[in-house]
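J.: This is the structure I want to talk about, given as structure tokens.
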Amino acid sequence: MKEELRISQIIYPSLCDLEGKLSVAGVFSLFMDIATQHAEHLGVGAKDMLSRGLFWLTVKTKVRILRRPGMMETVTLTTCPLVPERMRAIREYAMEQNGELLAQGKTEWAVLDTTTGRLHPMKGIFAPELTLSDEPAFPAAFSRMDPDFSGCETLGTWTVRATDIDLGGHMNNVAYLRALLSLLPSGELKAFPEGNVELFFRNSCFEGDELTFLRRPTPCGLEFGAFRPDGTPAILVHAEHAQASRGA
């Protein structure tokens, strides 16, 4: 069985921002898409998992963006899962163009038992004949974020739309990032830190939920939190400028 998937991808206009480059959210979308495609090949796609009473949960994602390609350029995307731990698994990604690394990332996943509502061990999730690597290509550690945004600036609010909802019935992972970026005026959007961008998923949101986005500066960039009406965080976002993220 193939433990790595490598595909060619054109950067279509639907993936680009107001500068005609692959948007920050577009990077996450492409990595999400190739992960979904590869999971289908490996027999652990959404339908396969649901037939076993299981569902993939995204815990957190870290992406390092070195250079965003322009509209209609062609890139190569690669993804592979690593040897899972007992309750968590890591999948890595890379985006290249003519041998130049443009972006790389990783996602930490867990598996939910849809019957019990509890996390399911990773043992037996992947086929036994599949040989997975235990050597990460992107070993950078996830950042630590303080979920307390008391006294921080309010960026705006977002009501979860039907178009934000995915197959799981809750707000899609990348939809959170798109909502956040949609609250920024064009000047700030162009200046959005795009070296390391990390998403920490805390609580699911559903159609009609209203999220309040707060932000605070850091020495290297910005941090954001999206909070539900009860004050619990839905997602936390850590963004660093490229100069600060080199070697991180």
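We name chains A, B, ... following the order of the structure tokens; residues begin at 1 in each chain, and ligands are numbered from 1 as shown.
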Give me, as JSON lines, the closest atom pair and its distance (Å, one decimal) for every residue of stretch 154-236 of chain A within a cut-off of 10 Å of stretch 54-60 of chain A, counting only C-alpha atoms, rows sorted by chain and rising number.

T.:
{"residue": "A:Gly168", "atom": "CA", "partner": "A:Phe55", "partner_atom": "CA", "distance": 8.3}
{"residue": "A:Asn173", "atom": "CA", "partner": "A:Thr58", "partner_atom": "CA", "distance": 7.8}
{"residue": "A:Glu198", "atom": "CA", "partner": "A:Lys60", "partner_atom": "CA", "distance": 7.3}
{"residue": "A:Leu199", "atom": "CA", "partner": "A:Lys60", "partner_atom": "CA", "distance": 5.5}
{"residue": "A:Phe200", "atom": "CA", "partner": "A:Lys60", "partner_atom": "CA", "distance": 4.5}
{"residue": "A:Phe201", "atom": "CA", "partner": "A:Val59", "partner_atom": "CA", "distance": 5.5}
{"residue": "A:Arg202", "atom": "CA", "partner": "A:Val59", "partner_atom": "CA", "distance": 7.6}
{"residue": "A:Asn203", "atom": "CA", "partner": "A:Val59", "partner_atom": "CA", "distance": 10.0}
{"residue": "A:Ile235", "atom": "CA", "partner": "A:Lys60", "partner_atom": "CA", "distance": 9.4}
{"residue": "A:Leu236", "atom": "CA", "partner": "A:Lys60", "partner_atom": "CA", "distance": 9.4}

J.: Do a neighbour search on A:Lys106 at 6 Å with only C-alpha atoms, toss out local chain neighbours closer than 4 positions, and write the hits as a tab-separated table (two decimals) with N, CA and C atoms, in the first residue's frame.

T.:
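Output saved as result-v8.tsv:
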chain	number	residue	atom	x	y	z
A	61	THR	N	-3.29	22.06	14.06
A	61	THR	CA	-2.56	22.08	12.79
A	61	THR	C	-1.52	23.18	12.83
A	62	LYS	N	-0.34	22.86	12.32
A	62	LYS	CA	0.72	23.87	12.21
A	62	LYS	C	1.23	23.88	10.78
A	91	ARG	N	-0.17	13.66	10.76
A	91	ARG	CA	-0.03	13.60	9.29
A	91	ARG	C	0.75	14.84	8.87
A	92	GLU	N	1.72	14.64	7.96
A	92	GLU	CA	2.56	15.74	7.50
A	92	GLU	C	2.23	16.10	6.06
A	93	TYR	N	2.59	17.32	5.68
A	93	TYR	CA	2.32	17.84	4.34
A	93	TYR	C	3.53	18.66	3.86

J.: Can you tell me which residues surround stretch 219-230 of chain A at a distance of at most 7 Å, considering only C-alpha atoms, apart from same-chain residues fewer than 6 positions away, and format the answer as a ChimeraX atom specification?

T.: /A:193,210-213,236-241,244

J.: Find the nearest atom pair between each residue of stretch 13-47 of chain A and stretch 130-138 of chain A for residues within 12 Å, count only C-alpha atoms, give distances in Å to one decimal, sort rows by chain and ascending number, and present the table as a Markdown table.

T.:
| residue | atom | partner | partner_atom | distance |
| --- | --- | --- | --- | --- |
| A:His41 | CA | A:Leu130 | CA | 11.5 |
| A:Leu42 | CA | A:Leu130 | CA | 8.4 |
| A:Gly43 | CA | A:Leu130 | CA | 10.7 |
| A:Val44 | CA | A:Leu130 | CA | 11.9 |

J.: Please produce an output containing N, CA and C atoms for each residue in the selection, written as a CSV table (one decimal), in the first residue's frame.

T.:
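What ended up in out-v5.csv:
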chain,number,residue,atom,x,y,z
A,41,HIS,N,-7.5,6.5,-0.2
A,41,HIS,CA,-6.6,5.5,-0.7
A,41,HIS,C,-6.2,4.5,0.3
A,42,LEU,N,-6.0,4.9,1.6
A,42,LEU,CA,-5.5,4.0,2.6
A,42,LEU,C,-6.7,3.3,3.4
A,43,GLY,N,-7.9,3.6,3.0
A,43,GLY,CA,-9.0,2.9,3.6
A,43,GLY,C,-9.4,3.5,4.9
A,44,VAL,N,-9.0,4.7,5.2
A,44,VAL,CA,-9.4,5.4,6.4
A,44,VAL,C,-10.1,6.7,6.1

J.: Would you mind writing down, as a ChimeraX atom specification, each residue of stretch 19-153 of chain A that DSSP on the backbone assigns to alpha helix (DSSP H)?

T.: /A:24-41,46-51

J.: In terms of the shortest atom-to-atom distance over only C-alpha atoms, which of A:Glu19, A:Asp33, A:Glu153, A:Asp48 is closest to A:Gly70?

T.: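 For A:Gly70, the nearest of the candidates is A:Glu19.
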
J.: With only C-alpha atoms as the basis for distance, which of A:Met145, A:Asp113, A:Phe126, A:Val197 is at the shortest distance from A:Leu50?

T.: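 Looking at the shortest contact to A:Leu50, the residue is A:Asp113.
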
J.: Closest to A:Cys80 among A:Leu22, A:Val111, A:Leu181, A:Ala35, using only C-alpha atoms?

T.: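 The shortest atom-to-atom distance to A:Cys80 comes from A:Ala35.
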
J.: For each of A:Met49, A:Ala89, A:Leu167, A:Lys190, take the minimum atom-to-atom distance to A:Lys21, counting only C-alpha atoms, then give the residue where this is smallest.

T.: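 The answer is A:Lys190, which sits nearest to A:Lys21.
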
J.: Would you please give, as a ChimeraX atom specification, all residues of stretch 51-221 of chain A that DSSP assigns to strand (DSSP E or B) based on the backbone?

T.: /A:54-65,70,74-82,89-97,100-113,119-120,133,153-159,165,171,196-201,210-217,221

J.: If you measure from atom CA of A:Asp164 to atom CA of A:Leu214, what distance in Å do you get, rounded to one decimal?

T.: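 One can read the atom CA of A:Asp164 to atom CA of A:Leu214 distance as 19.6 Å.
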
J.: What does the distance between atom CA of A:Thr107 and atom CA of A:Leu184 come to in Å, to one decimal place?

T.: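 Taking atom CA of A:Thr107 as the start and atom CA of A:Leu184 as the end point, the length is 25.4 Å.
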